[in-house]
$ cat start.pdb   # PDB, C-alpha atoms
MODEL        1
ATOM      1  CA  MET A   1      -8.603  25.638  13.294
ATOM      2  CA  THR A   2      -9.064  28.987  14.940
ATOM      3  CA  ALA A   3      -6.518  30.027  17.558
ATOM      4  CA  PRO A   4      -7.816  29.373  21.096
ATOM      5  CA  ALA A   5      -7.658  31.927  23.879
ATOM      6  CA  VAL A   6      -4.929  29.911  25.592
ATOM      7  CA  SER A   7      -2.764  27.298  23.943
ATOM      8  CA  SER A   8       0.332  25.387  24.917
ATOM      9  CA  SER A   9       1.416  25.447  21.276
ATOM     10  CA  ASN A  10       4.306  27.763  20.486
ATOM     11  CA  ALA A  11       3.908  27.304  16.735
ATOM     12  CA  VAL A  12       3.090  30.255  14.522
ATOM     13  CA  PHE A  13      -0.547  30.100  13.512
ATOM     14  CA  PRO A  14      -0.024  28.101  10.317
ATOM     15  CA  PHE A  15      -2.435  29.885   7.956
ATOM     16  CA  ASN A  16      -0.764  33.297   8.219
ATOM     17  CA  LEU A  17       1.390  32.560   5.176
ATOM     18  CA  VAL A  18      -1.651  32.121   2.919
ATOM     19  CA  ARG A  19      -3.963  34.678   4.488
ATOM     20  CA  ALA A  20      -4.195  36.729   1.278
ATOM     21  CA  ASP A  21      -4.964  33.578  -0.739
ATOM     22  CA  LEU A  22      -7.675  32.593   1.724
ATOM     23  CA  GLU A  23      -9.236  36.038   1.461
ATOM     24  CA  SER A  24      -9.465  35.511  -2.297
ATOM     25  CA  VAL A  25     -11.040  32.089  -1.748
ATOM     26  CA  GLU A  26     -13.486  33.597   0.742
ATOM     27  CA  ALA A  27     -14.600  36.188  -1.806
ATOM     28  CA  ALA A  28     -14.906  33.517  -4.498
ATOM     29  CA  VAL A  29     -17.001  31.255  -2.243
ATOM     30  CA  LEU A  30     -19.424  34.079  -1.522
ATOM     31  CA  GLN A  31     -19.717  34.837  -5.230
ATOM     32  CA  GLN A  32     -20.928  31.312  -5.960
ATOM     33  CA  ALA A  33     -24.423  32.159  -4.733
ATOM     34  CA  ARG A  34     -24.905  34.214  -7.900
ATOM     35  CA  ALA A  35     -24.801  31.036  -9.991
ATOM     36  CA  PHE A  36     -28.107  29.910  -8.489
ATOM     37  CA  ASP A  37     -31.637  30.962  -9.341
ATOM     38  CA  PRO A  38     -32.508  34.303  -7.691
ATOM     39  CA  GLY A  39     -35.054  32.485  -5.551
ATOM     40  CA  VAL A  40     -32.298  30.228  -4.172
ATOM     41  CA  GLU A  41     -29.409  32.688  -4.095
ATOM     42  CA  GLY A  42     -30.216  34.081  -0.640
ATOM     43  CA  TYR A  43     -30.165  30.650   0.999
ATOM     44  CA  VAL A  44     -26.808  29.759  -0.553
ATOM     45  CA  SER A  45     -25.333  33.125   0.385
ATOM     46  CA  TYR A  46     -26.439  32.692   4.000
ATOM     47  CA  VAL A  47     -24.815  29.286   4.569
ATOM     48  CA  CYS A  48     -21.632  30.301   2.752
ATOM     49  CA  LYS A  49     -21.210  33.184   5.176
ATOM     50  CA  THR A  50     -21.657  31.089   8.310
ATOM     51  CA  SER A  51     -19.447  28.095   7.746
ATOM     52  CA  GLY A  52     -16.102  28.922   8.943
ATOM     53  CA  LYS A  53     -12.466  28.065   9.191
ATOM     54  CA  ARG A  54     -11.485  27.345   5.552
ATOM     55  CA  ILE A  55      -9.070  24.582   6.599
ATOM     56  CA  ARG A  56      -9.473  22.626   3.374
ATOM     57  CA  PRO A  57      -8.694  25.615   1.112
ATOM     58  CA  ALA A  58      -5.630  26.350   3.248
ATOM     59  CA  LEU A  59      -4.350  22.812   2.743
ATOM     60  CA  ALA A  60      -4.916  22.966  -1.022
ATOM     61  CA  ILE A  61      -3.032  26.262  -1.285
ATOM     62  CA  LEU A  62      -0.182  25.229   1.011
ATOM     63  CA  SER A  63       0.213  21.934  -0.834
ATOM     64  CA  GLY A  64       0.344  23.815  -4.132
ATOM     65  CA  GLY A  65       2.863  26.286  -2.770
ATOM     66  CA  ALA A  66       5.043  23.456  -1.473
ATOM     67  CA  THR A  67       5.084  21.680  -4.856
ATOM     68  CA  GLY A  68       5.813  24.422  -7.341
ATOM     69  CA  GLY A  69       3.544  27.362  -6.619
ATOM     70  CA  THR A  70      -0.125  28.272  -6.656
ATOM     71  CA  HIS A  71      -2.239  29.422  -9.561
ATOM     72  CA  GLU A  72      -5.885  29.998 -10.467
ATOM     73  CA  GLY A  73      -6.584  26.273 -10.395
ATOM     74  CA  HIS A  74      -5.784  26.120  -6.687
ATOM     75  CA  THR A  75      -8.348  28.829  -6.001
ATOM     76  CA  ARG A  76     -10.969  26.914  -7.983
ATOM     77  CA  LEU A  77     -10.091  23.697  -6.163
ATOM     78  CA  SER A  78     -10.360  25.471  -2.810
ATOM     79  CA  VAL A  79     -13.803  26.858  -3.629
ATOM     80  CA  ILE A  80     -15.081  23.438  -4.719
ATOM     81  CA  LEU A  81     -13.824  21.661  -1.614
ATOM     82  CA  GLU A  82     -15.287  24.352   0.609
ATOM     83  CA  LEU A  83     -18.697  24.052  -1.095
ATOM     84  CA  VAL A  84     -18.645  20.290  -0.463
ATOM     85  CA  HIS A  85     -17.780  20.972   3.181
ATOM     86  CA  ILE A  86     -20.552  23.566   3.535
ATOM     87  CA  ALA A  87     -23.058  21.140   2.030
ATOM     88  CA  SER A  88     -22.034  18.497   4.570
ATOM     89  CA  LEU A  89     -22.465  20.986   7.431
ATOM     90  CA  VAL A  90     -25.989  21.840   6.286
ATOM     91  CA  HIS A  91     -26.863  18.154   6.391
ATOM     92  CA  ASP A  92     -25.028  17.625   9.713
ATOM     93  CA  ASP A  93     -27.105  20.339  11.363
ATOM     94  CA  ILE A  94     -30.308  18.677  10.178
ATOM     95  CA  MET A  95     -29.295  15.297  11.601
ATOM     96  CA  ASP A  96     -28.048  16.789  14.870
ATOM     97  CA  GLY A  97     -30.967  19.174  15.298
ATOM     98  CA  ALA A  98     -28.470  22.011  15.705
ATOM     99  CA  ASP A  99     -29.903  25.494  16.139
ATOM    100  CA  ILE A 100     -26.687  27.535  16.145
ATOM    101  CA  ARG A 101     -23.493  27.420  14.093
ATOM    102  CA  ARG A 102     -20.777  30.018  14.677
ATOM    103  CA  GLY A 103     -23.149  32.176  16.661
ATOM    104  CA  VAL A 104     -25.970  32.392  14.096
ATOM    105  CA  PRO A 105     -29.051  30.233  13.394
ATOM    106  CA  THR A 106     -28.463  27.198  11.211
ATOM    107  CA  ALA A 107     -30.284  26.683   7.923
ATOM    108  CA  VAL A 108     -32.515  24.038   9.498
ATOM    109  CA  ALA A 109     -33.387  26.377  12.368
ATOM    110  CA  LYS A 110     -34.332  29.150   9.945
ATOM    111  CA  TRP A 111     -36.071  27.255   7.169
ATOM    112  CA  GLY A 112     -36.767  23.711   8.351
ATOM    113  CA  SER A 113     -35.517  20.278   7.324
ATOM    114  CA  SER A 114     -37.133  19.959   3.898
ATOM    115  CA  LEU A 115     -35.631  23.108   2.435
ATOM    116  CA  SER A 116     -32.276  22.512   4.151
ATOM    117  CA  VAL A 117     -31.936  18.993   2.714
ATOM    118  CA  LEU A 118     -32.460  20.385  -0.773
ATOM    119  CA  LEU A 119     -30.068  23.249  -0.087
ATOM    120  CA  GLY A 120     -27.306  20.827   0.909
ATOM    121  CA  ASP A 121     -28.056  18.663  -2.143
ATOM    122  CA  SER A 122     -27.838  21.703  -4.417
ATOM    123  CA  LEU A 123     -24.454  22.674  -3.000
ATOM    124  CA  PHE A 124     -23.085  19.150  -3.457
ATOM    125  CA  ALA A 125     -24.324  19.050  -7.051
ATOM    126  CA  TYR A 126     -22.963  22.484  -7.878
ATOM    127  CA  ALA A 127     -19.555  21.665  -6.415
ATOM    128  CA  LEU A 128     -19.320  18.557  -8.596
ATOM    129  CA  GLU A 129     -20.444  20.586 -11.610
ATOM    130  CA  LEU A 130     -17.569  23.005 -11.018
ATOM    131  CA  ALA A 131     -15.167  20.070 -10.656
ATOM    132  CA  THR A 132     -15.933  18.920 -14.208
ATOM    133  CA  GLU A 133     -14.344  22.130 -15.526
ATOM    134  CA  PHE A 134     -10.835  20.824 -14.797
ATOM    135  CA  ASP A 135      -9.135  19.402 -17.885
ATOM    136  CA  ASP A 136      -7.680  16.607 -15.759
ATOM    137  CA  THR A 137     -10.606  14.233 -15.173
ATOM    138  CA  GLN A 138      -8.772  12.628 -12.251
ATOM    139  CA  VAL A 139      -9.247  15.857 -10.297
ATOM    140  CA  CYS A 140     -13.015  15.567 -10.740
ATOM    141  CA  ARG A 141     -12.976  11.871  -9.814
ATOM    142  CA  THR A 142     -10.984  12.542  -6.644
ATOM    143  CA  ILE A 143     -13.357  15.308  -5.545
ATOM    144  CA  ALA A 144     -16.379  13.109  -6.296
ATOM    145  CA  LYS A 145     -14.941  10.190  -4.315
ATOM    146  CA  ALA A 146     -14.124  12.434  -1.354
ATOM    147  CA  SER A 147     -17.689  13.817  -1.459
ATOM    148  CA  ARG A 148     -19.084  10.289  -1.484
ATOM    149  CA  ASP A 149     -16.831   9.333   1.426
ATOM    150  CA  VAL A 150     -18.058  12.318   3.471
ATOM    151  CA  CYS A 151     -21.672  11.250   3.016
ATOM    152  CA  SER A 152     -20.922   7.555   3.559
ATOM    153  CA  GLY A 153     -19.030   8.326   6.755
ATOM    154  CA  GLU A 154     -22.006  10.233   8.101
ATOM    155  CA  ILE A 155     -24.307   7.330   7.219
ATOM    156  CA  LEU A 156     -22.053   4.879   9.052
ATOM    157  CA  GLN A 157     -21.808   7.133  12.094
ATOM    158  CA  THR A 158     -25.585   7.553  12.197
ATOM    159  CA  GLN A 159     -26.011   3.793  11.783
ATOM    160  CA  ARG A 160     -23.698   3.078  14.726
ATOM    161  CA  ARG A 161     -25.050   5.628  17.201
ATOM    162  CA  PHE A 162     -25.571   4.170  20.696
ATOM    163  CA  ASP A 163     -23.715   1.005  19.598
ATOM    164  CA  LEU A 164     -21.479   0.038  22.506
ATOM    165  CA  ASN A 165     -19.937  -2.688  20.334
ATOM    166  CA  LEU A 166     -18.359  -0.133  17.996
ATOM    167  CA  SER A 167     -14.653  -0.914  17.601
ATOM    168  CA  VAL A 168     -11.788   1.558  17.424
ATOM    169  CA  VAL A 169     -11.079   0.321  13.881
ATOM    170  CA  ASP A 170     -14.644   1.086  12.808
ATOM    171  CA  TYR A 171     -14.532   4.501  14.492
ATOM    172  CA  LEU A 172     -11.323   5.404  12.658
ATOM    173  CA  LYS A 173     -12.822   4.287   9.355
ATOM    174  CA  MET A 174     -15.826   6.557   9.922
ATOM    175  CA  ILE A 175     -13.827   9.662  10.771
ATOM    176  CA  GLU A 176     -11.389   9.071   7.919
ATOM    177  CA  MET A 177     -14.386   9.161   5.607
ATOM    178  CA  LYS A 178     -16.473  11.940   7.101
ATOM    179  CA  THR A 179     -13.679  14.340   8.091
ATOM    180  CA  ALA A 180     -10.277  13.312   6.761
ATOM    181  CA  ALA A 181     -11.338  12.555   3.164
ATOM    182  CA  LEU A 182     -11.565  16.237   2.225
ATOM    183  CA  PHE A 183      -8.292  17.029   4.028
ATOM    184  CA  ALA A 184      -6.624  14.290   1.967
ATOM    185  CA  ALA A 185      -8.184  15.438  -1.311
ATOM    186  CA  ALA A 186      -7.090  19.036  -0.693
ATOM    187  CA  SER A 187      -3.486  18.064   0.043
ATOM    188  CA  GLU A 188      -3.235  15.554  -2.805
ATOM    189  CA  LEU A 189      -4.860  17.695  -5.490
ATOM    190  CA  GLY A 190      -2.848  20.762  -4.541
ATOM    191  CA  ALA A 191       0.169  18.785  -5.783
ATOM    192  CA  ARG A 192      -1.626  17.204  -8.741
ATOM    193  CA  LEU A 193      -2.487  20.619 -10.156
ATOM    194  CA  ASN A 194       1.287  21.193 -10.346
ATOM    195  CA  ASN A 195       1.809  17.924 -12.267
ATOM    196  CA  GLN A 196       3.796  16.392  -9.430
ATOM    197  CA  LEU A 197       4.839  12.736  -9.352
ATOM    198  CA  GLU A 198       2.289  10.183  -8.172
ATOM    199  CA  SER A 199       4.543   9.457  -5.196
ATOM    200  CA  THR A 200       4.393  13.114  -4.100
ATOM    201  CA  GLN A 201       0.622  13.195  -4.520
ATOM    202  CA  SER A 202       0.327   9.982  -2.494
ATOM    203  CA  SER A 203       2.499  11.324   0.326
ATOM    204  CA  LEU A 204       0.429  14.494   0.558
ATOM    205  CA  HIS A 205      -2.778  12.456   0.449
ATOM    206  CA  ASP A 206      -1.514  10.437   3.421
ATOM    207  CA  TYR A 207      -0.503  13.642   5.204
ATOM    208  CA  GLY A 208      -3.997  15.091   4.791
ATOM    209  CA  LEU A 209      -5.699  11.866   5.838
ATOM    210  CA  LYS A 210      -3.676  11.631   9.048
ATOM    211  CA  LEU A 211      -4.054  15.331   9.791
ATOM    212  CA  GLY A 212      -7.827  15.173   9.309
ATOM    213  CA  THR A 213      -8.117  12.086  11.488
ATOM    214  CA  ALA A 214      -6.061  13.694  14.267
ATOM    215  CA  TYR A 215      -8.131  16.859  13.962
ATOM    216  CA  GLN A 216     -11.370  14.907  14.450
ATOM    217  CA  ILE A 217      -9.932  13.126  17.497
ATOM    218  CA  TYR A 218      -8.963  16.521  18.914
ATOM    219  CA  ASP A 219     -12.517  17.749  18.336
ATOM    220  CA  ASP A 220     -13.870  14.628  20.034
ATOM    221  CA  CYS A 221     -11.629  15.181  23.063
ATOM    222  CA  LEU A 222     -12.552  18.853  23.164
ATOM    223  CA  ASP A 223     -16.221  17.905  23.368
ATOM    224  CA  LEU A 224     -15.439  16.191  26.658
ATOM    225  CA  VAL A 225     -12.895  18.481  28.282
ATOM    226  CA  GLY A 226     -13.273  21.893  26.635
ATOM    227  CA  ASP A 227     -14.793  25.050  28.074
ATOM    228  CA  GLU A 228     -17.836  26.304  26.174
ATOM    229  CA  LYS A 229     -17.005  29.989  26.657
ATOM    230  CA  THR A 230     -13.516  29.500  25.250
ATOM    231  CA  VAL A 231     -14.477  27.128  22.453
ATOM    232  CA  GLY A 232     -17.560  29.074  21.384
ATOM    233  CA  LYS A 233     -19.920  26.146  20.871
ATOM    234  CA  THR A 234     -22.059  23.766  22.882
ATOM    235  CA  LEU A 235     -20.033  20.868  24.303
ATOM    236  CA  ARG A 236     -20.747  17.503  25.918
ATOM    237  CA  THR A 237     -23.265  16.724  23.157
ATOM    238  CA  ASP A 238     -21.625  13.814  21.322
ATOM    239  CA  LEU A 239     -22.694  11.268  23.917
ATOM    240  CA  ALA A 240     -26.186  12.739  24.154
ATOM    241  CA  ARG A 241     -26.502  12.055  20.418
ATOM    242  CA  GLY A 242     -25.090   8.566  20.771
ATOM    243  CA  LYS A 243     -21.781   9.350  19.064
ATOM    244  CA  LEU A 244     -19.118   7.083  20.490
ATOM    245  CA  THR A 245     -15.777   8.838  20.083
ATOM    246  CA  LEU A 246     -12.242   7.549  20.645
ATOM    247  CA  PRO A 247     -11.913   8.595  24.326
ATOM    248  CA  ILE A 248     -15.282   6.996  25.068
ATOM    249  CA  LEU A 249     -14.290   3.809  23.264
ATOM    250  CA  TYR A 250     -11.112   3.681  25.346
ATOM    251  CA  LEU A 251     -13.226   4.292  28.443
ATOM    252  CA  LEU A 252     -15.380   1.307  27.511
ATOM    253  CA  GLU A 253     -12.292  -0.862  27.008
ATOM    254  CA  SER A 254     -11.237  -0.235  30.605
ATOM    255  CA  ALA A 255     -14.732  -0.571  32.094
ATOM    256  CA  THR A 256     -16.199  -3.622  33.802
ATOM    257  CA  GLU A 257     -19.399  -5.154  32.483
ATOM    258  CA  ALA A 258     -21.368  -3.412  35.233
ATOM    259  CA  GLN A 259     -19.764  -0.072  34.336
ATOM    260  CA  LYS A 260     -20.608  -0.592  30.650
ATOM    261  CA  GLN A 261     -24.237  -1.189  31.585
ATOM    262  CA  LYS A 262     -24.224   1.999  33.643
ATOM    263  CA  LEU A 263     -22.837   3.955  30.693
ATOM    264  CA  SER A 264     -25.418   2.356  28.411
ATOM    265  CA  ARG A 265     -28.232   3.550  30.683
ATOM    266  CA  MET A 266     -26.726   7.045  30.726
ATOM    267  CA  LEU A 267     -26.492   7.063  26.925
ATOM    268  CA  LEU A 268     -30.102   6.034  26.471
ATOM    269  CA  LYS A 269     -31.230   9.010  28.533
ATOM    270  CA  GLY A 270     -29.976  11.194  25.709
ATOM    271  CA  GLU A 271     -28.825  13.994  27.987
ATOM    272  CA  PRO A 272     -25.492  15.877  28.066
ATOM    273  CA  MET A 273     -23.150  14.248  30.565
ATOM    274  CA  ASP A 274     -20.979  16.003  33.067
ATOM    275  CA  THR A 275     -17.440  14.652  33.003
ATOM    276  CA  SER A 276     -17.661  13.913  36.720
ATOM    277  CA  LEU A 277     -20.237  11.232  35.866
ATOM    278  CA  LEU A 278     -17.903   9.695  33.316
ATOM    279  CA  ALA A 279     -15.006   9.817  35.761
ATOM    280  CA  GLY A 280     -17.032   7.687  38.125
ATOM    281  CA  ILE A 281     -17.449   4.924  35.557
ATOM    282  CA  ALA A 282     -13.896   3.871  34.760
ATOM    283  CA  ASP A 283     -10.480   5.328  33.938
ATOM    284  CA  TYR A 284     -11.728   8.568  32.371
ATOM    285  CA  ASP A 285      -8.391  10.408  32.625
ATOM    286  CA  GLY A 286      -6.586   7.448  31.123
ATOM    287  CA  ALA A 287      -9.062   7.261  28.243
ATOM    288  CA  VAL A 288      -8.538  10.917  27.308
ATOM    289  CA  GLU A 289      -4.771  10.498  27.624
ATOM    290  CA  ARG A 290      -4.807   7.475  25.296
ATOM    291  CA  ALA A 291      -6.886   9.320  22.708
ATOM    292  CA  VAL A 292      -4.565  12.346  22.812
ATOM    293  CA  LYS A 293      -1.485  10.144  22.464
ATOM    294  CA  PHE A 294      -3.021   8.244  19.543
ATOM    295  CA  ALA A 295      -3.702  11.501  17.694
ATOM    296  CA  GLN A 296      -0.245  12.896  18.446
ATOM    297  CA  ASP A 297       1.417   9.707  17.185
ATOM    298  CA  MET A 298      -0.603  10.067  13.998
ATOM    299  CA  LEU A 299       0.627  13.646  13.656
ATOM    300  CA  LYS A 300       4.240  12.460  13.907
ATOM    301  CA  SER A 301       3.541  10.115  11.015
ATOM    302  CA  ALA A 302       1.916  12.948   9.048
ATOM    303  CA  ARG A 303       5.043  15.067   9.476
ATOM    304  CA  ASN A 304       7.127  12.220   8.046
ATOM    305  CA  ASP A 305       4.978  12.266   4.914
ATOM    306  CA  LEU A 306       6.401  15.720   4.144
ATOM    307  CA  THR A 307      10.056  14.620   4.236
ATOM    308  CA  ALA A 308      10.544  14.424   0.470
ATOM    309  CA  LEU A 309       9.231  17.936  -0.207
ATOM    310  CA  PRO A 310      11.798  20.674  -0.875
ATOM    311  CA  SER A 311      12.420  23.137   1.918
ATOM    312  CA  THR A 312      10.048  26.097   1.352
ATOM    313  CA  PRO A 313       7.931  28.397   3.526
ATOM    314  CA  HIS A 314       4.858  26.452   2.394
ATOM    315  CA  LYS A 315       6.350  23.139   3.497
ATOM    316  CA  GLN A 316       7.212  24.766   6.821
ATOM    317  CA  ALA A 317       3.595  25.907   7.153
ATOM    318  CA  LEU A 318       2.385  22.341   6.562
ATOM    319  CA  GLU A 319       4.727  21.250   9.346
ATOM    320  CA  ASP A 320       3.490  24.125  11.513
ATOM    321  CA  ILE A 321      -0.071  22.815  11.183
ATOM    322  CA  VAL A 322       1.143  19.534  12.696
ATOM    323  CA  SER A 323       2.887  21.378  15.526
ATOM    324  CA  TYR A 324      -0.116  23.593  16.161
ATOM    325  CA  LEU A 325      -2.566  20.710  16.364
ATOM    326  CA  HIS A 326      -0.112  18.786  18.552
ATOM    327  CA  GLY A 327      -0.203  21.746  20.948
ATOM    328  CA  LEU A 328      -3.991  21.872  20.955
ATOM    329  CA  LEU A 329      -4.035  18.204  21.899
ATOM    330  CA  ASP A 330      -1.640  18.996  24.746
ATOM    331  CA  ASP A 331      -4.246  21.517  25.932
ATOM    332  CA  CYS A 332      -6.824  18.712  26.113
ATOM    333  CA  ARG A 333      -4.408  16.738  28.275
ATOM    334  CA  ALA A 334      -3.795  19.724  30.554
ATOM    335  CA  ILE A 335      -7.384  20.856  31.189
ATOM    336  CA  ARG A 336      -9.210  17.625  31.838
TER
ENDMDL
END
$ encode --input "start.pdb" --output "structure tokens"
Amino acid sequence: MTAPAVSSSNAVFPFNLVRADLESVEAAVLQQARAFDPGVEGYVSYVCKTSGKRIRPALAILSGGATGGTHEGHTRLSVILELVHIASLVHDDIMDGADIRRGVPTAVAKWGSSLSVLLGDSLFAYALELATEFDDTQVCRTIAKASRDVCSGEILQTQRRFDLNLSVVDYLKMIEMKTAALFAAASELGARLNNQLESTQSSLHDYGLKLGTAYQIYDDCLDLVGDEKTVGKTLRTDLARGKLTLPILYLLESATEAQKQKLSRMLLKGEPMDTSLLAGIADYDGAVERAVKFAQDMLKSARNDLTALPSTPHKQALEDIVSYLHGLLDDCRAIR
């Protein structure tokens, strides 16, 4: 959730409050490579340095701070969740044939699919090994379930590529699993490590799930309307890979049968699509607008999940994340 060059959001960048904590997590993540065999250590170190935004650790720390304060357990939780996320990115890059991530070659580009699959597997296994060190076995179970959901969501998305019959309900289920599951685990467990009531843990779980879902919708919209130089990654690739995202599903809902067939032929070509081509199919602007509104409504609900928390700077930061993402979605509406 890096700050864009231009944003309509007036919210303070929400991770500033926990910047020092995230620096500690960053150092701890990089140290994990030393736990591997010397012959493997270099591979682990490389992918840990190239993976990014540390959103999940930020949520775990902010949730802890909002429910009694952070301690060493929150750092450990943050490292584990980030290792699971890194493992999923290694596998994502294999499936997508991605050559570059954050400006550097991906693991699959450097070492090929076979080694990269095993590297991702090793990171998943190591993260779950670390999770067993918590005295509370429910923490380990929650991390394991979230890890399973991430992988299952990717399987379902791969299974439904190029499927023009994909429903909005099925799409939301997939992104809840592959993206939002770790957001939810981070928010929920941040409170659990402070022995908070089940109701508080549940509310923060729901907050994370909604936030993660809205974040994925934002990313899906950005793929269609964003500027590559500003965003810093290749865009207009979801459709080329057969990934049907929420704005595209809304586009299909408004299309005639002939327009759907035209889109189907475009999809099967497997080439990046210019938005002008999509605009000629059906109500492209309306589809993006609907997707943005859906995500922003979800963010309003996520904010409501924080109501019962006491007023603290950490609670305010959790609310600021909602405001910040709401503003980024406004940017998608403005630039299409």
$ resolve_selection --input "start.pdb" --expression "the PyMOL selection byres ((chain A and resi 297) around 12)" --output "number ranges by chain"
A: 210-211, 213-214, 217, 290-296, 298-304, 322-323, 325-326, 329
$ atom_distance --input "start.pdb" --atom1 "atom CA of Gly68 of chain A" --atom2 "atom CA of Asn194 of chain A"
6.3 Å
$ atom_distance --input "start.pdb" --atom1 "atom CA of Arg160 of chain A" --atom2 "atom CA of Pro247 of chain A"
16.2 Å
$ closest_residue --input "start.pdb" --among "A:Leu164, A:Ile55, A:Val47, A:Ala87" --to "Gly212 of chain A" --atoms "only C-alpha atoms"
A:Ile55
$ axis_aligned_box --input "start.pdb" --around "segment 12-27 of chain A" --padding-each-side "6 Å" --output "AutoDock Vina command-line options"
--center_x -5.8 --center_y 32.4 --center_z 6.1 --size_x 29.7 --size_y 20.6 --size_z 28.8
$ closest_residue --input "start.pdb" --among "A:Arg192, A:His205, A:Arg101, A:His85" --to "Lys178 of chain A" --atoms "only C-alpha atoms"
A:His85
$ residues_around --input "start.pdb" --residues "Leu30 of chain A" --least-positions-apart "6" --cutoff "9 Å" --atoms "only C-alpha atoms" --output "VMD selection string"
chain A and resid 44 to 45 48 to 49
$ atom_distance --input "start.pdb" --atom1 "atom CA of Ser113 of chain A" --atom2 "atom CA of Gln216 of chain A"
25.7 Å
$ residues_near_point --input "start.pdb" --point "(8.6, 21.2, 1.8)" --cutoff "12 Å" --atoms "all atoms listed in the file" --output "PyMOL selection string"
chain A and resi 62-69+191+200+203-204+303-320
